[in-house]
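Asker: Next comes entry15.cif, mmCIF, C-alpha atoms:
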data_target
#
loop_
_atom_site.label_atom_id
_atom_site.label_comp_id
_atom_site.auth_asym_id
_atom_site.auth_seq_id
_atom_site.Cartn_x
_atom_site.Cartn_y
_atom_site.Cartn_z
CA MET D 1 31.01 -27.28 -52.65
CA ASN D 2 27.33 -26.32 -52.64
CA MET D 3 26.89 -22.62 -51.67
CA ASN D 4 23.07 -22.77 -51.74
CA ARG D 5 22.77 -24.73 -48.51
CA CYS D 6 21.03 -22.73 -45.70
CA ALA D 7 22.09 -23.00 -42.10
CA GLY D 8 19.39 -23.80 -39.51
CA PHE D 9 17.52 -26.59 -37.75
CA THR D 10 16.09 -29.61 -39.46
CA LEU D 11 12.57 -30.76 -38.74
CA TYR D 12 13.99 -33.78 -36.92
CA GLU D 13 16.12 -31.59 -34.60
CA LEU D 14 13.16 -29.35 -33.85
CA MET D 15 10.97 -32.34 -32.96
CA VAL D 16 13.64 -33.67 -30.56
CA VAL D 17 13.89 -30.28 -28.80
CA ILE D 18 10.09 -30.07 -28.43
CA ALA D 19 9.94 -33.62 -27.04
CA VAL D 20 12.66 -32.89 -24.46
CA ALA D 21 10.92 -29.64 -23.47
CA ALA D 22 7.61 -31.51 -23.03
CA VAL D 23 9.22 -34.11 -20.76
CA LEU D 24 10.87 -31.40 -18.63
CA ALA D 25 7.59 -29.47 -18.38
CA SER D 26 5.74 -32.59 -17.20
CA PHE D 27 8.08 -32.72 -14.20
CA ALA D 28 7.97 -28.98 -13.49
CA VAL D 29 4.20 -28.32 -13.62
CA PRO D 30 3.14 -30.34 -10.52
CA GLY D 31 5.88 -28.70 -8.45
CA PHE D 32 4.83 -25.28 -9.70
CA GLN D 33 1.17 -25.96 -8.83
CA SER D 34 2.18 -27.02 -5.33
CA ALA D 35 4.25 -23.86 -4.91
CA MET D 36 1.33 -21.71 -6.08
CA SER D 37 -1.04 -23.45 -3.65
CA SER D 38 1.38 -22.94 -0.78
CA THR D 39 1.82 -19.28 -1.68
CA ARG D 40 -1.95 -18.77 -1.81
CA THR D 41 -2.31 -20.31 1.67
CA VAL D 42 0.41 -18.08 3.11
CA THR D 43 -1.11 -14.98 1.46
CA HIS D 44 -4.60 -15.67 2.85
CA THR D 45 -3.17 -16.41 6.30
CA ASN D 46 -1.16 -13.18 6.27
CA ASP D 47 -4.28 -11.21 5.30
CA VAL D 48 -6.12 -12.52 8.37
CA ILE D 49 -3.14 -11.86 10.64
CA THR D 50 -2.87 -8.31 9.26
CA ALA D 51 -6.51 -7.66 10.13
CA LEU D 52 -6.10 -9.08 13.63
CA ASN D 53 -2.93 -7.07 14.28
CA LEU D 54 -4.60 -3.91 13.01
CA ALA D 55 -7.56 -4.44 15.33
CA ARG D 56 -5.34 -5.09 18.32
CA SER D 57 -3.17 -2.03 17.73
CA GLU D 58 -6.20 0.21 17.10
CA ALA D 59 -7.83 -1.06 20.31
CA THR D 60 -4.82 -0.06 22.36
CA ARG D 61 -4.33 3.22 20.48
CA ARG D 62 -7.97 4.32 20.70
CA ARG D 63 -8.51 2.78 24.15
CA LEU D 64 -11.77 1.15 23.09
CA PRO D 65 -12.93 -2.25 21.79
CA ILE D 66 -12.24 -3.07 18.12
CA ASP D 67 -13.90 -5.96 16.26
CA VAL D 68 -12.73 -8.15 13.42
CA CYS D 69 -15.73 -9.94 11.95
CA ALA D 70 -16.90 -11.89 8.92
CA SER D 71 -18.62 -9.61 6.44
CA SER D 72 -20.14 -10.22 3.03
CA ASP D 73 -20.85 -6.57 2.20
CA GLY D 74 -17.74 -4.87 3.61
CA ALA D 75 -19.86 -2.65 5.86
CA THR D 76 -21.53 -4.82 8.49
CA CYS D 77 -20.81 -8.05 10.34
CA ASN D 78 -22.87 -10.91 8.95
CA GLY D 79 -22.79 -13.11 12.06
CA SER D 80 -21.41 -16.07 10.11
CA THR D 81 -18.43 -18.24 10.99
CA ASP D 82 -17.60 -18.48 7.26
CA TRP D 83 -14.85 -15.89 6.85
CA SER D 84 -14.42 -16.73 3.13
CA THR D 85 -17.03 -14.06 2.38
CA GLY D 86 -14.57 -11.38 3.55
CA TRP D 87 -14.04 -9.57 6.84
CA ILE D 88 -13.82 -6.10 8.29
CA VAL D 89 -12.09 -4.30 11.15
CA ARG D 90 -14.45 -1.89 12.90
CA THR D 91 -15.01 -0.05 16.12
CA ALA D 92 -17.67 -1.33 18.51
CA ALA D 93 -19.75 1.69 17.42
CA GLY D 94 -19.71 0.38 13.82
CA GLU D 95 -17.09 2.64 12.15
CA VAL D 96 -15.34 0.48 9.52
CA LEU D 97 -11.57 0.91 9.63
CA GLN D 98 -10.62 -1.52 6.85
CA THR D 99 -12.20 -4.23 4.71
CA TRP D 100 -10.96 -7.41 3.08
CA ALA D 101 -12.87 -8.79 0.10
CA ALA D 102 -14.16 -12.33 -0.27
CA ARG D 103 -11.62 -15.04 -0.83
CA ASP D 104 -11.48 -16.82 -4.18
CA THR D 105 -14.31 -19.38 -3.98
CA GLY D 106 -12.21 -21.98 -5.76
CA ALA D 107 -9.38 -21.53 -3.29
CA GLY D 108 -10.89 -23.27 -0.29
CA SER D 109 -12.35 -22.34 3.07
CA LEU D 110 -11.65 -19.87 5.82
CA SER D 111 -13.86 -20.53 8.80
CA GLY D 112 -13.77 -20.16 12.54
CA ASN D 113 -15.46 -21.02 15.78
CA VAL D 114 -16.52 -17.36 16.11
CA SER D 115 -18.06 -14.76 13.83
CA THR D 116 -16.34 -11.85 15.60
CA VAL D 117 -13.01 -11.41 17.38
CA GLN D 118 -13.03 -8.44 19.73
CA PHE D 119 -9.90 -6.83 21.13
CA GLN D 120 -10.30 -4.81 24.34
CA ALA D 121 -8.61 -1.48 25.07
CA ASN D 122 -5.69 -3.34 26.68
CA GLY D 123 -5.11 -5.43 23.52
CA GLY D 124 -6.48 -8.60 25.07
CA LEU D 125 -9.67 -10.56 24.48
CA PRO D 126 -12.82 -10.56 26.61
CA ALA D 127 -12.74 -13.17 29.37
CA GLY D 128 -13.79 -16.64 28.31
CA THR D 129 -13.21 -16.24 24.57
CA ASN D 130 -10.98 -18.60 22.61
CA PRO D 131 -11.20 -17.70 18.91
CA GLN D 132 -9.79 -20.01 16.27
CA LEU D 133 -9.76 -19.55 12.50
CA ASN D 134 -8.88 -22.32 10.06
CA LEU D 135 -7.71 -21.86 6.49
CA GLN D 136 -7.63 -24.78 4.11
CA LEU D 137 -7.37 -24.72 0.34
CA LYS D 138 -9.31 -27.22 -1.76
CA LYS D 139 -6.18 -28.94 -3.06
CA CYS D 140 -4.63 -29.16 0.38
CA LYS D 141 -1.41 -31.16 0.82
CA ASP D 142 -0.22 -31.97 4.35
CA PRO D 143 0.59 -29.96 6.37
CA GLY D 144 -1.31 -27.40 4.32
CA ARG D 145 -4.02 -26.33 6.73
CA ARG D 146 -3.37 -23.23 8.85
CA ASN D 147 -4.89 -22.83 12.30
CA ILE D 148 -4.88 -19.25 13.64
CA THR D 149 -5.42 -18.94 17.39
CA ILE D 150 -5.53 -15.87 19.61
CA SER D 151 -4.53 -16.07 23.25
CA PRO D 152 -6.46 -14.23 25.98
CA ALA D 153 -3.64 -11.64 26.00
CA GLY D 154 -4.24 -11.01 22.28
CA ARG D 155 -1.20 -12.85 20.93
CA ILE D 156 -1.73 -14.43 17.52
CA ALA D 157 -0.25 -17.82 16.70
CA VAL D 158 -0.32 -19.84 13.48
CA THR D 159 0.19 -23.59 13.36
CA ARG D 160 0.37 -25.88 10.35
CA GLU D 161 -1.82 -28.95 10.53
CA ALA D 162 -2.83 -31.96 8.48
CA CYS D 163 -5.59 -31.31 5.96
CA ALA D 164 -9.09 -32.13 7.16
#
Could you express the structure from this file as structure tokens?

Answerer:
Amino acid sequence: MNMNRCAGFTLYELMVVIAVAAVLASFAVPGFQSAMSSTRTVTHTNDVITALNLARSEATRRRLPIDVCASSDGATCNGSTDWSTGWIVRTAAGEVLQTWAARDTGAGSLSGNVSTVQFQANGGLPAGTNPQLNLQLKKCKDPGRRNITISPAGRIAVTREACA
């Protein structure tokens, strides 16, 4: 009996384990990327909804109009319908209540049909307004686009749609 023999893995066994791990990883990575993309979409959507809910509740609490608007500097509204630059919640007099920074430029787009959403003292929107915001990541997979709409009463709804 040879007592000098060491216990452990042979090079062949190690190569087989690495090959099996590589095959398993090739199946897992696309699913993980899809999960990360979906999580990023949900996170961005929730950030917008948080801002809208804050504005609505502050409008009813303060009994005065509160704006949510696209902002590139975190202090003023920029008048753009591209909300990817960031947005702020502010009073109609210009007092900034909270800011959200620009979205990751590689992530996709956040745009709307309005540059400002204003909530009135009763929590509703001014007559005749119908704001919509759309969030779509660059690597969008159906139904990966989110459409955020606000009813005249101030209710916020999110629908999932096919990628544009």

Asker: Go ahead and find all residues with at least one atom no further than 10 Å from (-5.7, -27.7, 11.6) in the file's coordinates, using only C-alpha atoms; report them as a PDB file with C-alpha atoms, keeping the file's coordinate frame.

Answerer:
ATOM      1  CA  GLN D 132      -9.790 -20.010  16.270  1.00  0.00           C
ATOM      2  CA  LEU D 133      -9.760 -19.550  12.500  1.00  0.00           C
ATOM      3  CA  ASN D 134      -8.880 -22.320  10.060  1.00  0.00           C
ATOM      4  CA  LEU D 135      -7.710 -21.860   6.490  1.00  0.00           C
ATOM      5  CA  GLN D 136      -7.630 -24.780   4.110  1.00  0.00           C
ATOM      6  CA  PRO D 143       0.590 -29.960   6.370  1.00  0.00           C
ATOM      7  CA  GLY D 144      -1.310 -27.400   4.320  1.00  0.00           C
ATOM      8  CA  ARG D 145      -4.020 -26.330   6.730  1.00  0.00           C
ATOM      9  CA  ARG D 146      -3.370 -23.230   8.850  1.00  0.00           C
ATOM     10  CA  ASN D 147      -4.890 -22.830  12.300  1.00  0.00           C
ATOM     11  CA  ILE D 148      -4.880 -19.250  13.640  1.00  0.00           C
ATOM     12  CA  VAL D 158      -0.320 -19.840  13.480  1.00  0.00           C
ATOM     13  CA  THR D 159       0.190 -23.590  13.360  1.00  0.00           C
ATOM     14  CA  ARG D 160       0.370 -25.880  10.350  1.00  0.00           C
ATOM     15  CA  GLU D 161      -1.820 -28.950  10.530  1.00  0.00           C
ATOM     16  CA  ALA D 162      -2.830 -31.960   8.480  1.00  0.00           C
ATOM     17  CA  CYS D 163      -5.590 -31.310   5.960  1.00  0.00           C
ATOM     18  CA  ALA D 164      -9.090 -32.130   7.160  1.00  0.00           C
TER      19      ALA D 164
END

Asker: If you measure from CA of Phe119 in chain D to CA of Asn46 in chain D, what distance in Å do you get, rounded to one decimal?

Answerer: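 Pair CA of Phe119 in chain D / CA of Asn46 in chain D returns 18.4 Å.
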
Asker: Step by step, work through what the PyMOL selection byres ((chain D and resi 91) around 8) selects in the shown file, and finish by giving those residues as a list of chain:residue names.

Answerer: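 Output of the PyMOL selection byres ((chain D and resi 91) around 8): D:Leu64, D:Pro65, D:Ile66, D:Asp67, D:Val89, D:Arg90, D:Ala92, D:Ala93, D:Gly94, D:Glu95, D:Val96, D:Leu97.
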
Asker: With distances taken over only C-alpha atoms, which of D:Asp73, D:Asp82, D:Gly128, D:Leu11 is nearest to Ser111 in chain D?

Answerer: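 That would be D:Asp82, the residue with the smallest distance to Ser111 in chain D.
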
Asker: Could you work out how far CA of Gln118 in chain D lies from CA of Thr41 in chain D, giving the answer in Å with one decimal?

Answerer: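 Spanning CA of Thr41 in chain D to CA of Gln118 in chain D is a straight-line distance of 24.1 Å.
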
Asker: What's the 9 Å shell around Ser84 in chain D, counting all atoms listed in the file, without same-chain residues fewer than 3 positions away, as a PyMOL selection string?

Answerer: chain D and resi 70-72+81+87+101-105+108-111

Asker: Write a file of the just-selected residues containing C-alpha atoms, as a PDB file, in the frame of the given file.

Answerer:
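Now in selection_16.pdb:
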ATOM      1  CA  ALA D  70     -16.900 -11.890   8.920  1.00  0.00           C
ATOM      2  CA  SER D  71     -18.620  -9.610   6.440  1.00  0.00           C
ATOM      3  CA  SER D  72     -20.140 -10.220   3.030  1.00  0.00           C
ATOM      4  CA  THR D  81     -18.430 -18.240  10.990  1.00  0.00           C
ATOM      5  CA  TRP D  87     -14.040  -9.570   6.840  1.00  0.00           C
ATOM      6  CA  ALA D 101     -12.870  -8.790   0.100  1.00  0.00           C
ATOM      7  CA  ALA D 102     -14.160 -12.330  -0.270  1.00  0.00           C
ATOM      8  CA  ARG D 103     -11.620 -15.040  -0.830  1.00  0.00           C
ATOM      9  CA  ASP D 104     -11.480 -16.820  -4.180  1.00  0.00           C
ATOM     10  CA  THR D 105     -14.310 -19.380  -3.980  1.00  0.00           C
ATOM     11  CA  GLY D 108     -10.890 -23.270  -0.290  1.00  0.00           C
ATOM     12  CA  SER D 109     -12.350 -22.340   3.070  1.00  0.00           C
ATOM     13  CA  LEU D 110     -11.650 -19.870   5.820  1.00  0.00           C
ATOM     14  CA  SER D 111     -13.860 -20.530   8.800  1.00  0.00           C
TER      15      SER D 111
END

Asker: Enter the distance from CA of Asn130 in chain D to CA of Thr39 in chain D, in Å, rounded to one decimal.

Answerer: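 We find that CA of Asn130 in chain D and CA of Thr39 in chain D lie 27.5 Å from each other.
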
Asker: Is it possible to add N, CA and C atoms to range 23-47 of chain D and hand it back as a PDB file, keeping the file's coordinate frame?

Answerer:
ATOM      1  N   VAL D  23       8.885 -33.223 -21.885  1.00  0.00           N
ATOM      2  CA  VAL D  23       9.220 -34.110 -20.760  1.00  0.00           C
ATOM      3  C   VAL D  23       9.629 -33.277 -19.545  1.00  0.00           C
ATOM      4  N   LEU D  24      10.457 -32.263 -19.746  1.00  0.00           N
ATOM      5  CA  LEU D  24      10.870 -31.400 -18.630  1.00  0.00           C
ATOM      6  C   LEU D  24       9.680 -30.656 -18.034  1.00  0.00           C
ATOM      7  N   ALA D  25       8.773 -30.187 -18.869  1.00  0.00           N
ATOM      8  CA  ALA D  25       7.590 -29.470 -18.380  1.00  0.00           C
ATOM      9  C   ALA D  25       6.690 -30.392 -17.566  1.00  0.00           C
ATOM     10  N   SER D  26       6.606 -31.660 -17.947  1.00  0.00           N
ATOM     11  CA  SER D  26       5.740 -32.590 -17.200  1.00  0.00           C
ATOM     12  C   SER D  26       6.248 -32.796 -15.776  1.00  0.00           C
ATOM     13  N   PHE D  27       7.544 -32.624 -15.561  1.00  0.00           N
ATOM     14  CA  PHE D  27       8.080 -32.720 -14.200  1.00  0.00           C
ATOM     15  C   PHE D  27       7.925 -31.406 -13.445  1.00  0.00           C
ATOM     16  N   ALA D  28       7.989 -30.290 -14.136  1.00  0.00           N
ATOM     17  CA  ALA D  28       7.970 -28.980 -13.490  1.00  0.00           C
ATOM     18  C   ALA D  28       6.576 -28.521 -13.090  1.00  0.00           C
ATOM     19  N   VAL D  29       5.549 -28.848 -13.864  1.00  0.00           N
ATOM     20  CA  VAL D  29       4.200 -28.320 -13.620  1.00  0.00           C
ATOM     21  C   VAL D  29       3.631 -28.739 -12.263  1.00  0.00           C
ATOM     22  N   PRO D  30       3.688 -30.003 -11.847  1.00  0.00           N
ATOM     23  CA  PRO D  30       3.140 -30.340 -10.520  1.00  0.00           C
ATOM     24  C   PRO D  30       3.847 -29.596  -9.386  1.00  0.00           C
ATOM     25  N   GLY D  31       5.149 -29.442  -9.474  1.00  0.00           N
ATOM     26  CA  GLY D  31       5.880 -28.700  -8.450  1.00  0.00           C
ATOM     27  C   GLY D  31       5.477 -27.233  -8.439  1.00  0.00           C
ATOM     28  N   PHE D  32       5.239 -26.678  -9.605  1.00  0.00           N
ATOM     29  CA  PHE D  32       4.830 -25.280  -9.700  1.00  0.00           C
ATOM     30  C   PHE D  32       3.431 -25.104  -9.120  1.00  0.00           C
ATOM     31  N   GLN D  33       2.522 -26.041  -9.380  1.00  0.00           N
ATOM     32  CA  GLN D  33       1.170 -25.960  -8.830  1.00  0.00           C
ATOM     33  C   GLN D  33       1.203 -26.049  -7.310  1.00  0.00           C
ATOM     34  N   SER D  34       2.056 -26.901  -6.781  1.00  0.00           N
ATOM     35  CA  SER D  34       2.180 -27.020  -5.330  1.00  0.00           C
ATOM     36  C   SER D  34       2.728 -25.730  -4.726  1.00  0.00           C
ATOM     37  N   ALA D  35       3.697 -25.125  -5.399  1.00  0.00           N
ATOM     38  CA  ALA D  35       4.250 -23.860  -4.910  1.00  0.00           C
ATOM     39  C   ALA D  35       3.199 -22.757  -4.943  1.00  0.00           C
ATOM     40  N   MET D  36       2.390 -22.712  -5.982  1.00  0.00           N
ATOM     41  CA  MET D  36       1.330 -21.710  -6.080  1.00  0.00           C
ATOM     42  C   MET D  36       0.292 -21.909  -4.976  1.00  0.00           C
ATOM     43  N   SER D  37      -0.069 -23.151  -4.703  1.00  0.00           N
ATOM     44  CA  SER D  37      -1.040 -23.450  -3.650  1.00  0.00           C
ATOM     45  C   SER D  37      -0.487 -23.022  -2.285  1.00  0.00           C
ATOM     46  N   SER D  38       0.761 -23.318  -2.042  1.00  0.00           N
ATOM     47  CA  SER D  38       1.380 -22.940  -0.780  1.00  0.00           C
ATOM     48  C   SER D  38       1.438 -21.420  -0.633  1.00  0.00           C
ATOM     49  N   THR D  39       1.771 -20.738  -1.713  1.00  0.00           N
ATOM     50  CA  THR D  39       1.820 -19.280  -1.680  1.00  0.00           C
ATOM     51  C   THR D  39       0.450 -18.680  -1.420  1.00  0.00           C
ATOM     52  N   ARG D  40      -0.580 -19.259  -2.021  1.00  0.00           N
ATOM     53  CA  ARG D  40      -1.950 -18.770  -1.810  1.00  0.00           C
ATOM     54  C   ARG D  40      -2.353 -18.946  -0.345  1.00  0.00           C
ATOM     55  N   THR D  41      -1.996 -20.071   0.257  1.00  0.00           N
ATOM     56  CA  THR D  41      -2.310 -20.310   1.670  1.00  0.00           C
ATOM     57  C   THR D  41      -1.615 -19.287   2.558  1.00  0.00           C
ATOM     58  N   VAL D  42      -0.352 -19.040   2.306  1.00  0.00           N
ATOM     59  CA  VAL D  42       0.410 -18.080   3.110  1.00  0.00           C
ATOM     60  C   VAL D  42      -0.173 -16.676   2.945  1.00  0.00           C
ATOM     61  N   THR D  43      -0.542 -16.314   1.716  1.00  0.00           N
ATOM     62  CA  THR D  43      -1.110 -14.980   1.460  1.00  0.00           C
ATOM     63  C   THR D  43      -2.419 -14.790   2.217  1.00  0.00           C
ATOM     64  N   HIS D  44      -3.313 -15.769   2.143  1.00  0.00           N
ATOM     65  CA  HIS D  44      -4.600 -15.670   2.850  1.00  0.00           C
ATOM     66  C   HIS D  44      -4.381 -15.604   4.362  1.00  0.00           C
ATOM     67  N   THR D  45      -3.463 -16.417   4.864  1.00  0.00           N
ATOM     68  CA  THR D  45      -3.170 -16.410   6.300  1.00  0.00           C
ATOM     69  C   THR D  45      -2.636 -15.044   6.725  1.00  0.00           C
ATOM     70  N   ASN D  46      -1.733 -14.494   5.939  1.00  0.00           N
ATOM     71  CA  ASN D  46      -1.160 -13.180   6.270  1.00  0.00           C
ATOM     72  C   ASN D  46      -2.217 -12.083   6.235  1.00  0.00           C
ATOM     73  N   ASP D  47      -3.196 -12.193   5.338  1.00  0.00           N
ATOM     74  CA  ASP D  47      -4.280 -11.210   5.300  1.00  0.00           C
ATOM     75  C   ASP D  47      -5.074 -11.216   6.608  1.00  0.00           C
TER      76      ASP D  47
END
